[in-house]
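Content type compact mmCIF, C-alpha atoms and all ligand atoms, from the file data17.txt:
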```txt
# COMPACT_ATOMS: atom_id res chain seq x y z
CA MET H 1087 -5.90 -20.21 23.59
CA THR H 1088 -3.04 -21.32 21.35
CA ALA H 1089 -1.75 -19.13 18.54
CA GLN H 1090 -3.46 -21.35 15.97
CA ALA H 1091 -6.76 -21.21 17.83
CA LEU H 1092 -6.55 -17.42 17.92
CA ALA H 1093 -5.74 -17.34 14.21
CA SER H 1094 -8.75 -19.58 13.42
CA LYS H 1095 -10.95 -17.39 15.55
CA LEU H 1096 -9.70 -14.36 13.64
CA HIS H 1097 -10.50 -16.05 10.34
CA GLU H 1098 -13.97 -17.10 11.45
CA ASN H 1099 -15.06 -13.86 13.09
CA GLY H 1100 -13.03 -11.29 11.15
CA ARG H 1101 -12.02 -9.69 14.44
CA LEU H 1102 -10.41 -10.28 17.83
CA ASP H 1103 -10.60 -8.57 21.20
CA ASN H 1104 -7.74 -6.29 22.16
CA ASP H 1105 -6.10 -8.75 24.57
CA GLU H 1106 -6.35 -11.51 21.96
CA TRP H 1107 -4.69 -9.27 19.38
CA ILE H 1108 -1.89 -8.50 21.80
CA ARG H 1109 -1.29 -12.20 22.35
CA LEU H 1110 -1.38 -13.04 18.66
CA LEU H 1111 0.86 -10.12 17.74
CA SER H 1112 3.38 -11.23 20.38
CA VAL H 1113 3.82 -14.76 19.01
CA THR H 1114 7.49 -15.53 18.39
CA GLU H 1115 7.42 -19.34 18.08
CA LYS H 1116 8.62 -20.17 14.54
CA ASN H 1117 6.33 -23.19 14.12
CA ASP H 1118 3.27 -21.17 15.06
CA ILE H 1119 4.21 -18.43 12.60
CA GLU H 1120 4.78 -20.99 9.84
CA ASP H 1121 1.42 -22.68 10.53
CA ILE H 1122 -0.32 -19.31 10.33
CA ARG H 1123 1.49 -18.52 7.08
CA ILE H 1124 0.31 -21.82 5.59
CA ALA H 1125 -3.28 -21.13 6.70
CA ALA H 1126 -3.13 -17.63 5.14
CA ASP H 1127 -1.74 -19.01 1.88
CA ARG H 1128 -4.57 -21.56 1.80
CA VAL H 1129 -7.17 -18.82 2.25
CA ARG H 1130 -5.55 -16.70 -0.44
CA ARG H 1131 -5.56 -19.65 -2.89
CA GLU H 1132 -9.24 -20.37 -2.15
CA LYS H 1133 -10.17 -16.78 -3.02
CA TYR H 1134 -7.76 -15.74 -5.73
CA GLY H 1135 -5.97 -18.93 -6.78
CA THR H 1136 -2.35 -18.32 -7.63
CA SER H 1137 -2.94 -14.94 -9.30
CA VAL H 1138 -0.65 -12.06 -8.46
CA TYR H 1139 -2.21 -8.89 -9.83
CA LEU H 1140 0.16 -6.36 -11.30
CA ARG H 1141 -0.52 -2.63 -10.98
CA ALA H 1142 1.45 0.02 -12.83
CA LEU H 1143 2.61 2.52 -10.21
CA ILE H 1144 3.14 5.99 -11.64
CA GLU H 1145 4.65 8.54 -9.29
CA ILE H 1146 3.23 11.86 -10.40
CA SER H 1147 4.71 14.41 -8.00
CA SER H 1148 7.18 14.64 -5.15
CA TYR H 1149 5.91 18.03 -4.00
CA CYS H 1150 4.06 17.67 -0.72
CA LYS H 1151 2.49 20.16 1.67
CA ASN H 1152 2.77 17.74 4.59
CA ASP H 1153 5.72 17.13 6.85
CA CYS H 1154 5.35 13.49 7.98
CA TYR H 1155 8.48 12.91 10.06
CA TYR H 1156 9.32 9.56 8.45
CA CYS H 1157 8.97 10.52 4.81
CA GLY H 1158 11.75 11.64 2.48
CA ILE H 1159 9.47 13.91 0.42
CA ARG H 1160 8.08 15.81 3.44
CA CYS H 1161 7.91 19.56 2.76
CA GLY H 1162 10.61 20.34 5.35
CA ASN H 1163 13.24 18.34 3.47
CA LYS H 1164 15.27 21.02 1.75
CA ASN H 1165 17.56 18.42 0.19
CA ALA H 1166 14.80 16.73 -1.76
CA SER H 1167 14.89 17.42 -5.46
CA ARG H 1168 11.31 17.79 -6.58
CA PHE H 1169 9.51 16.79 -9.75
CA ARG H 1170 6.00 16.91 -11.11
CA LEU H 1171 4.78 15.08 -14.20
CA SER H 1172 2.77 17.02 -16.74
CA ARG H 1173 -0.61 15.78 -17.94
CA GLU H 1174 1.08 14.58 -21.14
CA GLU H 1175 3.76 12.72 -19.19
CA ILE H 1176 1.15 11.04 -17.00
CA LEU H 1177 -0.82 9.96 -20.08
CA SER H 1178 2.23 8.68 -21.87
CA SER H 1179 3.24 6.69 -18.77
CA CYS H 1180 -0.23 5.10 -18.81
CA LYS H 1181 0.13 4.37 -22.52
CA ASN H 1182 3.47 2.72 -21.97
CA ALA H 1183 1.99 0.64 -19.14
CA TYR H 1184 -1.04 -0.24 -21.26
CA GLU H 1185 1.13 -1.46 -24.12
CA LEU H 1186 3.03 -3.67 -21.73
CA GLY H 1187 -0.29 -5.20 -20.70
CA PHE H 1188 -1.16 -3.39 -17.45
CA ARG H 1189 -4.88 -2.80 -16.84
CA THR H 1190 -4.60 -0.94 -13.52
CA PHE H 1191 -2.78 2.36 -13.19
CA VAL H 1192 -1.98 3.77 -9.77
CA LEU H 1193 -1.27 7.50 -9.68
CA GLN H 1194 0.63 8.25 -6.50
CA GLY H 1195 2.06 11.52 -5.30
CA GLY H 1196 2.60 13.90 -2.44
CA GLU H 1197 -0.16 16.35 -1.52
CA ASP H 1198 0.76 18.74 -4.31
CA MET H 1199 -1.47 21.80 -4.47
CA TYR H 1200 -0.67 22.27 -8.16
CA PHE H 1201 -3.25 19.58 -8.93
CA SER H 1202 -6.46 21.55 -8.44
CA ASP H 1203 -9.70 19.60 -8.75
CA ASP H 1204 -10.14 20.81 -12.31
CA VAL H 1205 -6.62 19.90 -13.38
CA PHE H 1206 -6.74 16.50 -11.73
CA CYS H 1207 -10.26 15.60 -12.87
CA THR H 1208 -9.25 16.36 -16.46
CA ILE H 1209 -6.32 13.98 -16.10
CA ILE H 1210 -8.59 11.30 -14.57
CA SER H 1211 -11.18 11.55 -17.33
CA ASP H 1212 -8.51 11.66 -20.04
CA ILE H 1213 -7.05 8.42 -18.71
CA LYS H 1214 -10.44 6.73 -18.44
CA ASN H 1215 -11.44 7.86 -21.94
CA SER H 1216 -8.17 6.71 -23.46
CA PHE H 1217 -8.14 3.37 -21.61
CA PRO H 1218 -11.76 2.50 -20.83
CA ASP H 1219 -10.92 -1.12 -19.99
CA CYS H 1220 -8.56 -0.09 -17.18
CA ALA H 1221 -9.02 0.55 -13.49
CA LEU H 1222 -7.62 3.78 -12.10
CA THR H 1223 -6.33 3.98 -8.53
CA LEU H 1224 -5.42 7.25 -6.87
CA SER H 1225 -3.07 7.77 -3.94
CA VAL H 1226 -2.74 11.50 -3.43
CA GLY H 1227 -3.64 11.97 0.21
CA GLU H 1228 -6.27 13.76 2.26
CA LYS H 1229 -8.89 15.81 0.41
CA SER H 1230 -12.37 17.09 1.13
CA ARG H 1231 -15.37 14.85 0.58
CA LEU H 1232 -16.35 17.02 -2.37
CA THR H 1233 -12.97 16.60 -4.02
CA TYR H 1234 -13.10 12.83 -3.58
CA LYS H 1235 -16.57 12.84 -5.13
CA ARG H 1236 -15.28 14.81 -8.10
CA TYR H 1237 -12.46 12.32 -8.59
CA TYR H 1238 -14.96 9.47 -8.44
CA ASP H 1239 -17.36 11.12 -10.87
CA ALA H 1240 -14.46 11.78 -13.23
CA GLY H 1241 -13.91 8.01 -13.32
CA ALA H 1242 -11.44 6.99 -10.61
CA ASP H 1243 -12.19 3.52 -9.23
CA ARG H 1244 -9.95 2.99 -6.23
CA TYR H 1245 -8.13 5.04 -3.59
CA LEU H 1246 -5.17 4.23 -1.36
CA LEU H 1247 -4.72 6.13 1.88
CA ARG H 1248 -2.82 4.39 4.65
CA HIS H 1249 -4.02 5.33 8.10
CA GLU H 1250 -0.34 5.00 9.23
CA THR H 1251 -1.28 4.25 12.87
CA ALA H 1252 -4.66 4.01 14.57
CA ASN H 1253 -3.33 5.22 17.93
CA ASN H 1254 -3.61 8.96 18.56
CA GLU H 1255 -0.43 9.44 20.58
CA HIS H 1256 1.54 7.37 18.11
CA TYR H 1257 0.09 9.39 15.24
CA ARG H 1258 1.27 12.58 16.95
CA LYS H 1259 4.80 11.20 17.24
CA LEU H 1260 4.92 10.54 13.50
CA HIS H 1261 3.27 13.73 12.24
CA PRO H 1262 3.14 17.47 12.95
CA GLN H 1263 0.29 18.52 15.25
CA LYS H 1264 -1.81 19.94 12.47
CA GLN H 1265 -2.14 16.53 10.83
CA LYS H 1266 -4.88 14.68 12.68
CA LEU H 1267 -5.66 10.99 12.87
CA SER H 1268 -9.38 11.77 13.11
CA GLU H 1269 -9.25 13.62 9.79
CA ARG H 1270 -7.40 10.80 8.09
CA ILE H 1271 -9.95 8.27 9.31
CA GLN H 1272 -12.78 10.56 8.23
CA CYS H 1273 -11.25 10.60 4.72
CA LEU H 1274 -11.26 6.79 4.60
CA TYR H 1275 -14.94 6.64 5.51
CA TYR H 1276 -15.79 9.34 2.94
CA LEU H 1277 -13.99 7.36 0.26
CA LYS H 1278 -15.81 4.16 1.16
CA ASP H 1279 -19.13 5.90 1.30
CA ILE H 1280 -18.63 7.50 -2.12
CA GLY H 1281 -18.07 4.07 -3.62
CA PHE H 1282 -14.32 3.79 -4.08
CA GLN H 1283 -12.58 0.49 -3.50
CA VAL H 1284 -10.45 1.66 -0.59
CA GLY H 1285 -7.01 0.70 0.61
CA SER H 1286 -5.53 1.48 4.00
CA GLY H 1287 -2.54 0.26 5.99
CA PHE H 1288 0.56 1.21 7.94
CA MET H 1289 4.31 0.83 8.23
CA VAL H 1290 5.67 -2.08 10.25
CA GLY H 1291 8.35 -1.12 12.78
CA SER H 1292 7.76 2.62 12.56
CA PRO H 1293 9.35 4.62 15.40
CA TYR H 1294 7.44 4.23 18.71
CA GLN H 1295 5.22 1.46 17.36
CA THR H 1296 4.32 -1.15 19.98
CA VAL H 1297 2.29 -4.34 20.08
CA GLU H 1298 -0.46 -2.23 21.64
CA THR H 1299 -0.52 0.28 18.79
CA LEU H 1300 -0.46 -2.59 16.28
CA ALA H 1301 -3.45 -4.17 18.02
CA GLU H 1302 -5.29 -0.90 17.40
CA ASP H 1303 -4.20 -0.94 13.74
CA MET H 1304 -5.60 -4.42 13.30
CA SER H 1305 -8.86 -3.56 15.07
CA PHE H 1306 -9.17 -0.47 12.92
CA LEU H 1307 -8.76 -2.55 9.75
CA SER H 1308 -11.32 -5.06 10.99
CA GLU H 1309 -13.83 -2.22 11.42
CA LEU H 1310 -13.07 -0.36 8.20
CA ARG H 1311 -12.93 -3.58 6.17
CA PRO H 1312 -11.00 -2.01 3.30
CA GLN H 1313 -10.82 -3.80 -0.05
CA MET H 1314 -7.03 -3.32 -0.12
CA VAL H 1315 -4.43 -3.28 2.64
CA GLY H 1316 -0.87 -2.02 2.16
CA ILE H 1317 1.71 -2.66 4.82
CA GLY H 1318 5.49 -2.52 4.48
CA PRO H 1319 8.46 -2.16 6.78
CA PHE H 1320 9.50 1.31 7.92
CA LEU H 1321 12.79 2.28 6.30
CA PRO H 1322 14.79 5.26 7.51
CA HIS H 1323 15.47 8.20 5.22
CA LYS H 1324 18.68 10.15 5.84
CA ASP H 1325 17.02 13.58 5.64
CA THR H 1326 14.41 12.91 8.31
CA GLU H 1327 14.50 13.02 12.08
CA PHE H 1328 14.03 9.25 12.07
CA ALA H 1329 17.25 8.70 10.09
CA HIS H 1330 18.76 6.66 12.93
CA PHE H 1331 15.82 4.45 13.73
CA PRO H 1332 16.13 0.80 12.66
CA SER H 1333 14.19 -0.62 9.72
CA GLY H 1334 11.11 -2.71 10.31
CA SER H 1335 11.57 -6.46 10.00
CA ALA H 1336 10.68 -8.38 6.85
CA SER H 1337 9.65 -11.49 8.74
CA TYR H 1338 7.35 -9.62 11.11
CA THR H 1339 5.82 -7.81 8.12
CA CYS H 1340 5.14 -11.20 6.53
CA TYR H 1341 3.56 -12.47 9.75
CA LEU H 1342 1.23 -9.45 9.75
CA LEU H 1343 0.42 -10.06 6.07
CA SER H 1344 -0.75 -13.54 7.05
CA LEU H 1345 -2.92 -12.21 9.87
CA ILE H 1346 -4.47 -9.62 7.54
CA ARG H 1347 -5.21 -12.30 4.94
CA LEU H 1348 -6.97 -14.41 7.60
CA MET H 1349 -8.94 -11.40 8.86
CA LEU H 1350 -9.91 -10.01 5.41
CA PRO H 1351 -9.90 -13.09 3.15
CA ASP H 1352 -11.05 -11.24 0.01
CA SER H 1353 -8.65 -8.33 0.25
CA LEU H 1354 -6.06 -7.29 -2.28
CA ILE H 1355 -2.75 -7.04 -0.48
CA PRO H 1356 0.49 -5.93 -2.12
CA ALA H 1357 3.91 -7.36 -1.42
CA THR H 1358 5.37 -3.87 -1.28
CA THR H 1359 8.51 -2.33 -2.67
CA ALA H 1360 9.57 -1.58 0.91
CA LEU H 1361 9.38 -5.31 1.73
CA GLY H 1362 11.53 -6.11 -1.30
CA THR H 1363 13.96 -3.38 -0.26
CA VAL H 1364 14.47 -4.47 3.34
CA GLU H 1365 15.30 -8.07 2.43
CA LYS H 1366 16.33 -9.86 -0.75
CA GLY H 1367 13.44 -12.10 -1.75
CA GLY H 1368 11.16 -10.18 0.64
CA ARG H 1369 8.49 -9.65 -1.94
CA GLU H 1370 8.32 -13.37 -2.77
CA LYS H 1371 8.14 -14.18 0.93
CA GLY H 1372 5.29 -11.68 1.15
CA LEU H 1373 3.43 -13.50 -1.63
CA ARG H 1374 3.86 -16.79 0.20
CA SER H 1375 2.48 -15.16 3.36
CA GLY H 1376 -0.82 -14.03 1.86
CA ALA H 1377 -0.06 -11.04 -0.40
CA ASN H 1378 -1.50 -11.14 -3.94
CA VAL H 1379 -0.52 -7.87 -5.62
CA ILE H 1380 2.72 -6.35 -6.92
CA MET H 1381 3.00 -2.72 -7.96
CA PRO H 1382 5.98 -2.28 -10.28
CA ASN H 1383 7.24 1.22 -10.87
CA LEU H 1384 6.27 2.56 -14.29
CA SER H 1385 7.24 6.17 -13.62
CA PRO H 1386 9.49 7.78 -16.21
CA ASN H 1387 13.12 6.86 -15.50
CA GLU H 1388 14.27 10.44 -14.93
CA VAL H 1389 12.01 10.99 -11.92
CA ARG H 1390 12.38 7.68 -10.11
CA SER H 1391 15.27 8.60 -7.85
CA LYS H 1392 13.45 11.78 -6.84
CA TYR H 1393 10.44 9.94 -5.43
CA SER H 1394 12.48 8.96 -2.44
CA LEU H 1395 10.28 8.12 0.54
CA TYR H 1396 13.10 6.14 2.17
CA ASP H 1397 16.74 5.29 1.41
CA ASN H 1398 17.92 2.57 -1.02
CA LYS H 1399 14.52 2.05 -2.60
CA LEU H 1400 14.45 -1.09 -4.68
CA SER H 1401 13.91 -0.36 -8.32
CA THR H 1402 11.10 -2.73 -9.17
CA GLY H 1403 10.68 -1.39 -12.64
CA ALA H 1404 8.75 -3.39 -15.18
CA GLU H 1405 8.94 -0.74 -17.83
CA THR H 1406 10.42 -3.06 -20.41
CA ARG H 1407 9.28 -6.44 -21.64
CA GLU H 1408 12.50 -8.00 -20.36
CA LYS H 1409 11.96 -6.76 -16.82
CA LEU H 1410 8.34 -7.80 -16.89
CA THR H 1411 9.32 -11.27 -18.06
CA GLN H 1412 11.83 -11.47 -15.24
CA LEU H 1413 9.18 -10.42 -12.72
CA ALA H 1414 6.84 -13.14 -14.05
CA LEU H 1415 9.66 -15.68 -13.63
CA ASP H 1416 10.34 -14.55 -10.05
CA VAL H 1417 6.66 -14.79 -9.21
CA SER H 1418 6.32 -18.24 -10.75
CA ALA H 1419 9.43 -19.44 -8.90
CA ALA H 1420 7.60 -18.45 -5.70
CA GLY H 1421 4.64 -20.62 -6.78
CA TYR H 1422 2.26 -18.05 -8.30
CA GLU H 1423 1.42 -16.46 -11.65
CA THR H 1424 1.31 -12.82 -12.65
CA ASP H 1425 -2.08 -11.61 -13.84
CA MET H 1426 -2.34 -8.35 -15.75
CA GLY H 1427 -6.14 -8.07 -15.69
CA ARG H 1428 -7.93 -5.33 -13.76
CA GLY H 1429 -7.95 -7.62 -10.74
CA ASP H 1430 -10.98 -6.11 -9.06
CA PHE H 1431 -11.98 -6.89 -5.51
CA LYS H 1432 -14.11 -10.05 -5.44
CA PRO H 1433 -16.33 -10.10 -2.39
CA SER H 1434 -17.39 -13.60 -1.34
CA ASN H 1435 -20.93 -12.68 -0.48
N1 LIG F 1501 9.52 3.90 5.13
C1 LIG F 1501 8.55 3.08 4.70
N2 LIG F 1501 7.40 3.51 4.18
C2 LIG F 1501 7.23 4.85 4.08
N3 LIG F 1501 6.20 5.58 3.63
C3 LIG F 1501 6.52 6.88 3.72
N4 LIG F 1501 7.75 7.02 4.24
C4 LIG F 1501 8.21 5.76 4.48
C5 LIG F 1501 9.40 5.24 5.05
N5 LIG F 1501 10.38 6.04 5.48
C6 LIG F 1501 4.92 4.97 3.25
C7 LIG F 1501 3.76 5.60 4.03
C8 LIG F 1501 2.90 6.17 2.94
C9 LIG F 1501 3.29 5.38 1.72
C10 LIG F 1501 3.02 6.05 0.42
O1 LIG F 1501 4.67 5.20 1.89
O2 LIG F 1501 3.07 4.58 4.76
O3 LIG F 1501 1.50 6.06 3.20
```
Please render this file's structure as structure tokens.
Amino acid sequence: MTAQALASKLHENGRLDNDEWIRLLSVTEKNDIEDIRIAADRVRREKYGTSVYLRALIEISSYCKNDCYYCGIRCGNKNASRFRLSREEILSSCKNAYELGFRTFVLQGGEDMYFSDDVFCTIISDIKNSFPDCALTLSVGEKSRLTYKRYYDAGADRYLLRHETANNEHYRKLHPQKQKLSERIQCLYYLKDIGFQVGSGFMVGSPYQTVETLAEDMSFLSELRPQMVGIGPFLPHKDTEFAHFPSGSASYTCYLLSLIRLMLPDSLIPATTALGTVEKGGREKGLRSGANVIMPNLSPNEVRSKYSLYDNKLSTGAETREKLTQLALDVSAAGYETDMGRGDFKPSN
């Protein structure tokens, strides 16, 4: 089967067999990749038109109990300077975002034990009471089913938790032994079951990733059928054991964005900060490859440099009207329009 035939099969069935994935993921022919990009862009336009949904990303804490080998805020990094926003700072970041027009807030942070269920649920309900017309997304890692249920009952709408890799051995090369792939996957199913709109995903070009592990990532996504999928290139961080591994490629990330769009036509897929960091114009290329979300950083200025997952992070701030206007211009130059509505998942059937 040709690359295009495999891509059409993927779009029609929402899945491929392992050997088909391996063939599709190994395509290097530029014309094939461009044809698949065009097909993905067509699918995206059928579902969501030219809208690019903007989400206000608020980084709430760089304390983390985990030690993921790739991540700059892992607990073992003694050079990291840590921060944690107070409830008031989180609320005022939301207010600032709201006044700029954002209607989705994403609270992201390390697994910081300071945020007990009570503390965090109060923050969630405060946000939802202050901004009832907004969607609230959380991205704060692995929790018990009960904790997720509390977050949901307090008003959270969506949850992002990348699976990172769906292959066990690969997972063990990226994380300490006590972090388990099975537990992460269990979390994703709990979240779905509770009723969250769920996002998963992985880094592209992470150390020891192969076409075979990627085939498992894609099969995993086709089974989970998340409403959101976040992928971005791996970028080394100087204070990690992967400091000397190469970055993931922007063009391969864009190719995978196209495949994900074909597989999950209704999904909300960000053109990530990491993609914009690895290559100038990367984010725009991501949009043209099937992505339909951008998550500008609305964290308070003082803490931004401390939320350092990888080196040289692009500052995609949109905290001022001028920067937001510039972002809208960049997006429209790529052929799309920014949309500041809630931008909920729209299932086709
Ligand atoms: N490069 C790229 N992405 C990273 N993340 C963490 N560290 C890095 C890195 N060095 C991603 C992980 C995580 C998300 C919040 O950031 O996939 O789930």
In Å to one decimal, how far is atom CA of Cys1154 of chain H from atom CA of Tyr1139 of chain H? 29.6 Å
Counting all atoms listed in the file, which residue out of H:Arg1347, H:Lys1399, H:Arg1244, H:Arg1189 sits closest to Val1226 of chain H? H:Arg1244
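When atom CA of Ile1176 of chain H is paired with atom CA of Thr1406 of chain H, their separation reads 17.2 Å.
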Tell me which of H:Asp1118, H:Glu1365, H:Asp1198, H:Asp1397 sits closest to ligand LIG 1501 (chain F), counting all atoms listed in the file.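 Among the listed residues, H:Asp1397 lies closest to ligand LIG 1501 (chain F).
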What residues of the protein or nucleic acid chains come within 9 Å of ligand LIG 1501 (chain F) when you use only C-alpha atoms and all ligand atoms? Reply as a PyMOL selection string. chain H and resi 1154-1160+1194-1196+1225-1227+1246-1250+1286-1290+1292+1316-1323+1326+1328-1329+1333-1334+1360-1361+1394-1397
So the first atom is atom CA of Met1199 of chain H and the second is atom CA of Thr1233 of chain H; what is the distance between them in Å, to one decimal place?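 Computing the Euclidean distance for atom CA of Met1199 of chain H and atom CA of Thr1233 of chain H yields 12.6 Å.
Checking H:Tyr1184, H:Phe1206, H:Phe1191, H:Tyr1257 one by one against Asp1243 of chain H, counting only C-alpha atoms, you find the shortest gap at H:Phe1191.
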Which protein, DNA or RNA residues have an atom at most 10 Å from (1.5, -10.0, 9.2), counting only C-alpha atoms? List them as an MDAnalysis selection string. chainID H and resid 1111 1119 1122:1123 1126 1290 1304 1317:1318 1336:1348 1372 1375:1377
Next, the residues of the selection above should be written as an mmCIF file, keeping the file's coordinate frame with C-alpha atoms.
```cif
data_model
loop_
_atom_site.group_PDB
_atom_site.id
_atom_site.type_symbol
_atom_site.label_atom_id
_atom_site.label_comp_id
_atom_site.auth_asym_id
_atom_site.auth_seq_id
_atom_site.Cartn_x
_atom_site.Cartn_y
_atom_site.Cartn_z
ATOM 1 C CA LEU H 1111 0.860 -10.120 17.740
ATOM 2 C CA ILE H 1119 4.210 -18.430 12.600
ATOM 3 C CA ILE H 1122 -0.320 -19.310 10.330
ATOM 4 C CA ARG H 1123 1.490 -18.520 7.080
ATOM 5 C CA ALA H 1126 -3.130 -17.630 5.140
ATOM 6 C CA VAL H 1290 5.670 -2.080 10.250
ATOM 7 C CA MET H 1304 -5.600 -4.420 13.300
ATOM 8 C CA ILE H 1317 1.710 -2.660 4.820
ATOM 9 C CA GLY H 1318 5.490 -2.520 4.480
ATOM 10 C CA ALA H 1336 10.680 -8.380 6.850
ATOM 11 C CA SER H 1337 9.650 -11.490 8.740
ATOM 12 C CA TYR H 1338 7.350 -9.620 11.110
ATOM 13 C CA THR H 1339 5.820 -7.810 8.120
ATOM 14 C CA CYS H 1340 5.140 -11.200 6.530
ATOM 15 C CA TYR H 1341 3.560 -12.470 9.750
ATOM 16 C CA LEU H 1342 1.230 -9.450 9.750
ATOM 17 C CA LEU H 1343 0.420 -10.060 6.070
ATOM 18 C CA SER H 1344 -0.750 -13.540 7.050
ATOM 19 C CA LEU H 1345 -2.920 -12.210 9.870
ATOM 20 C CA ILE H 1346 -4.470 -9.620 7.540
ATOM 21 C CA ARG H 1347 -5.210 -12.300 4.940
ATOM 22 C CA LEU H 1348 -6.970 -14.410 7.600
ATOM 23 C CA GLY H 1372 5.290 -11.680 1.150
ATOM 24 C CA SER H 1375 2.480 -15.160 3.360
ATOM 25 C CA GLY H 1376 -0.820 -14.030 1.860
ATOM 26 C CA ALA H 1377 -0.060 -11.040 -0.400
#
```
Which residue gives the smallest distance to Leu1350 of chain H among H:Ala1240, H:Leu1310, H:Leu1222, H:Ala1404, with all atoms listed in the file counted? H:Leu1310
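You can rank H:Arg1131, H:Arg1170, H:Arg1236, H:Arg1141 by their closest distance to Ile1280 of chain H using only C-alpha atoms, and at the top of that list sits H:Arg1236.
In this comparison, which uses only C-alpha atoms, the residue of H:Asn1254, H:Ser1147, H:Asn1383, H:Ser1353 approaching Ser1172 of chain H most closely is H:Ser1147.
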Quick one: everything within 12 Å of Pro1433 of chain H, counting only C-alpha atoms, minus sequence neighbours fewer than 5 positions away in the same chain. Send it as a list in words. Lys1133, Tyr1134, Gln1283, Arg1311, Pro1312, Gln1313, Met1314, Leu1350, Pro1351, Asp1352, Ser1353 and Leu1354 of chain H
Mind listing as a tab-separated table (two decimals) with C-alpha atoms, in the coordinates of the input all residues within 12 Å of (3.7, 11.2, 20.1), counting all atoms listed in the file?
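After the write, result.tsv holds the following:
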```tsv
chain	number	residue	atom	x	y	z
H	1155	TYR	CA	8.48	12.91	10.06
H	1251	THR	CA	-1.28	4.25	12.87
H	1253	ASN	CA	-3.33	5.22	17.93
H	1254	ASN	CA	-3.61	8.96	18.56
H	1255	GLU	CA	-0.43	9.44	20.58
H	1256	HIS	CA	1.54	7.37	18.11
H	1257	TYR	CA	0.09	9.39	15.24
H	1258	ARG	CA	1.27	12.58	16.95
H	1259	LYS	CA	4.80	11.20	17.24
H	1260	LEU	CA	4.92	10.54	13.50
H	1261	HIS	CA	3.27	13.73	12.24
H	1262	PRO	CA	3.14	17.47	12.95
H	1263	GLN	CA	0.29	18.52	15.25
H	1266	LYS	CA	-4.88	14.68	12.68
H	1267	LEU	CA	-5.66	10.99	12.87
H	1293	PRO	CA	9.35	4.62	15.40
H	1294	TYR	CA	7.44	4.23	18.71
H	1295	GLN	CA	5.22	1.46	17.36
H	1299	THR	CA	-0.52	0.28	18.79
```
Output as JSON the centre and edge lengths (Å, one decimal) of the box along x, y and z of the file that holds every listed atom of segment 1090-1103 of chain H after adding 5 Å on each side.
```
{"center_x": -9.3, "center_y": -15.0, "center_z": 15.8, "size_x": 21.6, "size_y": 22.8, "size_z": 20.9}
```
Excluding segment 1237-1239 of chain H and its own-chain neighbours fewer than 6 positions away, which residues fall within 12 Å of it when counting all atoms listed in the file? Please give them as a PyMOL selection string. chain H and resi 1201-1211+1214+1221-1226+1229-1231+1245+1276-1284
Since the input lacks some atoms of segment 1102-1113 of chain H, please model N, CA and C atoms and print them as a PDB file, in the frame of the given file.
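And here is the file that came out, result-v8.pdb:
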```pdb
ATOM      1  N   LEU H1102     -10.813  -9.727  16.528  1.00  0.00           N
ATOM      2  CA  LEU H1102     -10.410 -10.280  17.830  1.00  0.00           C
ATOM      3  C   LEU H1102     -10.572  -9.178  18.863  1.00  0.00           C
ATOM      4  N   ASP H1103     -10.630  -9.573  20.137  1.00  0.00           N
ATOM      5  CA  ASP H1103     -10.600  -8.570  21.200  1.00  0.00           C
ATOM      6  C   ASP H1103      -9.177  -8.067  21.362  1.00  0.00           C
ATOM      7  N   ASN H1104      -9.068  -6.914  22.012  1.00  0.00           N
ATOM      8  CA  ASN H1104      -7.740  -6.290  22.160  1.00  0.00           C
ATOM      9  C   ASN H1104      -6.710  -7.224  22.804  1.00  0.00           C
ATOM     10  N   ASP H1105      -7.084  -7.886  23.895  1.00  0.00           N
ATOM     11  CA  ASP H1105      -6.100  -8.750  24.570  1.00  0.00           C
ATOM     12  C   ASP H1105      -5.730  -9.944  23.694  1.00  0.00           C
ATOM     13  N   GLU H1106      -6.667 -10.409  22.886  1.00  0.00           N
ATOM     14  CA  GLU H1106      -6.350 -11.510  21.960  1.00  0.00           C
ATOM     15  C   GLU H1106      -5.391 -11.042  20.873  1.00  0.00           C
ATOM     16  N   TRP H1107      -5.617  -9.834  20.379  1.00  0.00           N
ATOM     17  CA  TRP H1107      -4.690  -9.270  19.380  1.00  0.00           C
ATOM     18  C   TRP H1107      -3.287  -9.189  19.969  1.00  0.00           C
ATOM     19  N   ILE H1108      -3.215  -8.691  21.209  1.00  0.00           N
ATOM     20  CA  ILE H1108      -1.890  -8.500  21.800  1.00  0.00           C
ATOM     21  C   ILE H1108      -1.177  -9.845  21.918  1.00  0.00           C
ATOM     22  N   ARG H1109      -1.936 -10.873  22.273  1.00  0.00           N
ATOM     23  CA  ARG H1109      -1.290 -12.200  22.350  1.00  0.00           C
ATOM     24  C   ARG H1109      -0.863 -12.696  20.973  1.00  0.00           C
ATOM     25  N   LEU H1110      -1.729 -12.542  19.997  1.00  0.00           N
ATOM     26  CA  LEU H1110      -1.380 -13.040  18.660  1.00  0.00           C
ATOM     27  C   LEU H1110      -0.221 -12.256  18.048  1.00  0.00           C
ATOM     28  N   LEU H1111      -0.206 -10.952  18.301  1.00  0.00           N
ATOM     29  CA  LEU H1111       0.860 -10.120  17.740  1.00  0.00           C
ATOM     30  C   LEU H1111       2.198 -10.320  18.462  1.00  0.00           C
ATOM     31  N   SER H1112       2.145 -10.991  19.621  1.00  0.00           N
ATOM     32  CA  SER H1112       3.380 -11.230  20.380  1.00  0.00           C
ATOM     33  C   SER H1112       3.964 -12.613  20.142  1.00  0.00           C
ATOM     34  N   VAL H1113       3.340 -13.388  19.277  1.00  0.00           N
ATOM     35  CA  VAL H1113       3.820 -14.760  19.010  1.00  0.00           C
ATOM     36  C   VAL H1113       5.224 -14.705  18.407  1.00  0.00           C
TER      37      VAL H1113
END
```
